[in-house]
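Q: Please see the structure below; I have some questions.
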Amino acid sequence: MIIIGVDFHPEFQQIALVDTDTGELQERRLEHREEAETFYRALAGQQVRVGMEASGHARWFERLVAELQFELWIGDAAEIRTKRVRKQKTDRQDAQLILRLLLEDRFPKIWVPSWENRDLRQLLWHRHRMVQARTRIMNQLQAVALNEGLRCKKRLWREHGREQLESIRLAPWASRRRRDLLELLDRLNPTIAELSQAIEQEVEKCREAQRLLTHPGVGPLTALAFVLIIGRAERFQCGKQIASYLGLVPLEDSSGKRRRLGHITKQGSSMLRFLLVEAAQVTARSIPDWRSKYFHLAMRRGRKIAKVAMARRLAIQLFWMWRKGWDYEQVKRFGSHAGQPGTGDGVQ
């Protein structure tokens with residue numbers, strides 16, 4: 001069997017290779033893509049295991065390894081970094097470290113989503129970026145209107161508000177800017193509507209997302225993003241792990257009797273964190289218990305921290321709905337501790 005440790009970079013990769021049958025050790029630097037592809041295709045037909053850190057810009061390499069039917073292990077970059085003993089760091093030493101971890105069966109392998117999952121994530125990210133672009137354009141048009149004494153807020157996007165905006169007399173370049181921004185806005189709206197419809201169609205195919213939709217404040221985009229990014233509910237044992245995975249837990253730097261907590265870690269998917277914060281605000285307006293909890297936290301810690309806290313609560317509740325196969329009505333009936341010793345409620 002051939003085992004290869006790869007230190008991957010966008011332009012090249014440094015590899016450390018060992019043949020377990022002969023004991024032969026090689027180290028090479030392969031330029032992307034031609035040299036690297038030629039090297040790996042020459043190994044076709046043999047039993048090969050490739051290990052590398054999780055990184056971006058490697059989709060073509062993952063497709064190549066899958067095509068050649070090699071075994072690909074992707075490791076947690078942070079955990080691999082903690083296993084480095086020397087303070088000296090080079091590409092060659094990184095490849096040697098990955099190879100050593102593979103040989104010693106200490107490689108921190110992580111879960112990797114399927115190609116279908118990744119492609120659907122591109123749909124979510126594309127719509128998310130289009131909405132952000134539309135928001136920036138709308139904010140610029142609002143600024144143009146305010147500078148001319150027109151304060152309509154949301155009414156600016158209705159038919160009468162737009163007529164008022166277009167009727168304002170502006171200088172030549174300001175008029176050109178207004179016209180271009182309106183044209184971009186008219187082009188983005190149909191695109192976003194089409195992407196939203198595609199997301200709704202994907203939700204109809206996913207039972208887990210449909211179940212999460214029953215929770216107040218959760219829409220198709222949030223439900224599908226939660227399912228795609230979490231992947232499998234069995235990966236996590238409790239709600240704390242979900243909150244940590246999504247970066248909704250505070251930074252901690254504690255030692256001895258001193259405990260110091262900071263802001264949230266912001267690890268994981270920034271898009272899902274954003275969606276959970278937005279959905280949690282709608283949930284807080286819909287459910288009295290959530291509303292009272294939100295205002296209580298807002299008075300003590302401020303609105304920003306209260307929003308994040310409610311987003312964490314929503315993420316944990318969605319996780320248990322998925323894990324137990326419950327919809328929102330069952331969660332209300334039994335609660336999150338149903339079936340545990342010492343509780344009066346259980347599944348009947």
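All residue names refer to the structure tokens as shown: chains lettered A, B, ... in order, residues numbered from 1 in each chain, ligands numbered from 1 in order.
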Identify, on the basis of only C-alpha atoms, every residue whose closest approach to region 268-277 of chain A does not exceed 6 Å; exclude the query and any residue fewer than 5 positions from it along the same chain; express the result as a JSON list (two decimals) with N, CA and C atoms, in the first residue's frame.
A:
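What follows is the written file part_25.json:
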[["chain", "number", "residue", "atom", "x", "y", "z"],
["A", 222, "THR", "N", -33.22, 28.68, 5.89],
["A", 222, "THR", "CA", -32.59, 28.31, 7.16],
["A", 222, "THR", "C", -32.66, 26.81, 7.39],
["A", 245, "TYR", "N", -19.79, 23.89, 17.19],
["A", 245, "TYR", "CA", -19.53, 23.67, 15.77],
["A", 245, "TYR", "C", -19.92, 24.89, 14.95],
["A", 246, "LEU", "N", -20.96, 25.59, 15.35],
["A", 246, "LEU", "CA", -21.44, 26.76, 14.62],
["A", 246, "LEU", "C", -20.81, 28.06, 15.10],
["A", 247, "GLY", "N", -19.90, 27.99, 16.06],
["A", 247, "GLY", "CA", -19.22, 29.19, 16.54],
["A", 247, "GLY", "C", -20.08, 30.08, 17.40],
["A", 311, "ALA", "N", -30.14, 32.80, 19.00],
["A", 311, "ALA", "CA", -29.73, 31.98, 17.85],
["A", 311, "ALA", "C", -29.15, 30.66, 18.30]]
Q: Quick one: residues within 12 Å of Gln122 (chain A), only C-alpha atoms counted, chain neighbours fewer than 5 positions away excluded, as a list of chain:residue names?
A: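 Listed by chain and then number, they are A:Trp115, A:Glu116, A:Asn117, A:Arg127, A:His128, A:Arg129, A:Leu195, A:Ile199, A:Ala225, A:Leu228, A:Ile229, A:Met271.
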Q: Can those selected residues be exported to a file as a CSV table (one decimal), in the first residue's frame so that it contains N, CA and C atoms?
A:
chain,number,residue,atom,x,y,z
A,115,TRP,N,-20.7,15.1,-2.7
A,115,TRP,CA,-20.7,16.1,-3.8
A,115,TRP,C,-22.0,16.8,-4.0
A,116,GLU,N,-23.1,16.0,-3.8
A,116,GLU,CA,-24.5,16.6,-3.9
A,116,GLU,C,-24.7,17.6,-2.8
A,117,ASN,N,-24.2,17.3,-1.6
A,117,ASN,CA,-24.3,18.3,-0.5
A,117,ASN,C,-23.6,19.6,-0.8
A,127,ARG,N,-27.4,32.5,-3.5
A,127,ARG,CA,-28.6,33.3,-3.1
A,127,ARG,C,-28.2,34.3,-2.0
A,128,HIS,N,-27.4,33.8,-1.0
A,128,HIS,CA,-27.0,34.6,0.1
A,128,HIS,C,-26.2,35.8,-0.4
A,129,ARG,N,-25.3,35.6,-1.3
A,129,ARG,CA,-24.5,36.7,-1.9
A,129,ARG,C,-25.3,37.6,-2.7
A,195,LEU,N,-33.7,31.7,-7.5
A,195,LEU,CA,-33.0,30.9,-6.6
A,195,LEU,C,-33.8,30.5,-5.4
A,199,ILE,N,-34.6,26.7,-4.0
A,199,ILE,CA,-34.4,26.2,-2.6
A,199,ILE,C,-35.7,25.5,-2.1
A,225,ALA,N,-30.2,25.0,4.9
A,225,ALA,CA,-28.8,25.3,5.3
A,225,ALA,C,-28.4,24.5,6.5
A,228,LEU,N,-27.9,20.8,5.5
A,228,LEU,CA,-26.7,20.6,4.7
A,228,LEU,C,-25.4,20.8,5.4
A,229,ILE,N,-25.4,21.8,6.3
A,229,ILE,CA,-24.1,22.1,7.0
A,229,ILE,C,-23.9,21.2,8.2
A,271,MET,N,-22.6,31.8,7.1
A,271,MET,CA,-23.9,32.0,6.5
A,271,MET,C,-25.0,31.4,7.5
Q: Counting only C-alpha atoms, figure out which residue out of A:Ile264, A:Val85, A:Leu165, A:Leu97 gets nearest to Leu146 (chain A).
A: A:Leu165
Q: Let's see if you can do this: from backbone DSSP, list all strand (DSSP E) residues in region 59-277 of chain A, as a list of chain:residue names.
A: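 Going through region 59-277 of chain A, the strand (DSSP E) residues come out as A:Glu71, A:Leu72, A:Trp73, A:Ile74, A:Gly75, A:Pro250, A:Leu251, A:Glu252, A:Leu261, A:Gly262, A:His263, A:Ile264.
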Q: Keeping only N, CA and C atoms, write those residues as an mmCIF file, in the first residue's frame.
A:
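File written: out_38.cif
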data_model
loop_
_atom_site.group_PDB
_atom_site.id
_atom_site.type_symbol
_atom_site.label_atom_id
_atom_site.label_comp_id
_atom_site.auth_asym_id
_atom_site.auth_seq_id
_atom_site.Cartn_x
_atom_site.Cartn_y
_atom_site.Cartn_z
ATOM 1 N N GLU A 71 -7.994 6.324 -1.708
ATOM 2 C CA GLU A 71 -8.602 6.644 -0.420
ATOM 3 C C GLU A 71 -8.099 8.020 0.014
ATOM 4 N N LEU A 72 -9.016 8.955 0.228
ATOM 5 C CA LEU A 72 -8.642 10.317 0.610
ATOM 6 C C LEU A 72 -9.088 10.591 2.031
ATOM 7 N N TRP A 73 -8.136 10.949 2.890
ATOM 8 C CA TRP A 73 -8.429 11.350 4.259
ATOM 9 C C TRP A 73 -8.147 12.843 4.387
ATOM 10 N N ILE A 74 -9.133 13.580 4.874
ATOM 11 C CA ILE A 74 -8.973 15.014 5.114
ATOM 12 C C ILE A 74 -8.975 15.241 6.615
ATOM 13 N N GLY A 75 -7.966 15.951 7.096
ATOM 14 C CA GLY A 75 -7.783 16.105 8.538
ATOM 15 C C GLY A 75 -8.057 17.506 9.035
ATOM 16 N N PRO A 250 -18.732 31.163 23.603
ATOM 17 C CA PRO A 250 -17.731 32.204 23.835
ATOM 18 C C PRO A 250 -16.308 31.647 23.827
ATOM 19 N N LEU A 251 -15.379 32.501 23.445
ATOM 20 C CA LEU A 251 -13.963 32.179 23.600
ATOM 21 C C LEU A 251 -13.644 32.050 25.081
ATOM 22 N N GLU A 252 -12.736 31.159 25.422
ATOM 23 C CA GLU A 252 -12.385 30.963 26.824
ATOM 24 C C GLU A 252 -10.869 30.907 26.976
ATOM 25 N N LEU A 261 -13.915 34.737 29.783
ATOM 26 C CA LEU A 261 -14.722 34.439 28.606
ATOM 27 C C LEU A 261 -14.770 35.663 27.709
ATOM 28 N N GLY A 262 -14.697 35.436 26.414
ATOM 29 C CA GLY A 262 -14.743 36.530 25.454
ATOM 30 C C GLY A 262 -15.985 36.473 24.595
ATOM 31 N N HIS A 263 -15.901 37.046 23.408
ATOM 32 C CA HIS A 263 -17.005 36.989 22.457
ATOM 33 C C HIS A 263 -17.056 35.601 21.826
ATOM 34 N N ILE A 264 -18.067 35.363 21.016
ATOM 35 C CA ILE A 264 -18.222 34.039 20.420
ATOM 36 C C ILE A 264 -17.054 33.737 19.486
#
Q: Among region 6-238 of chain A, which ones does DSSP place in alpha helix (DSSP H), written as a PyMOL selection string?
A: chain A and resi 34-41+59-67+77-82+91-103+115-147+159-167+172-204+207-212+220-230
Q: Measuring between only C-alpha atoms, which one of A:Arg92, A:Ile137, A:Arg84, A:Glu79 shows the shortest distance to Leu185 (chain A)?
A: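 Nearest candidate to Leu185 (chain A) out of A:Arg92, A:Ile137, A:Arg84, A:Glu79: A:Ile137.
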Q: CA of Gln88 (chain A) to CA of Glu11 (chain A): how many Å, to one decimal?
A: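 So the two atoms, CA of Gln88 (chain A) and CA of Glu11 (chain A), lie 22.2 Å apart.
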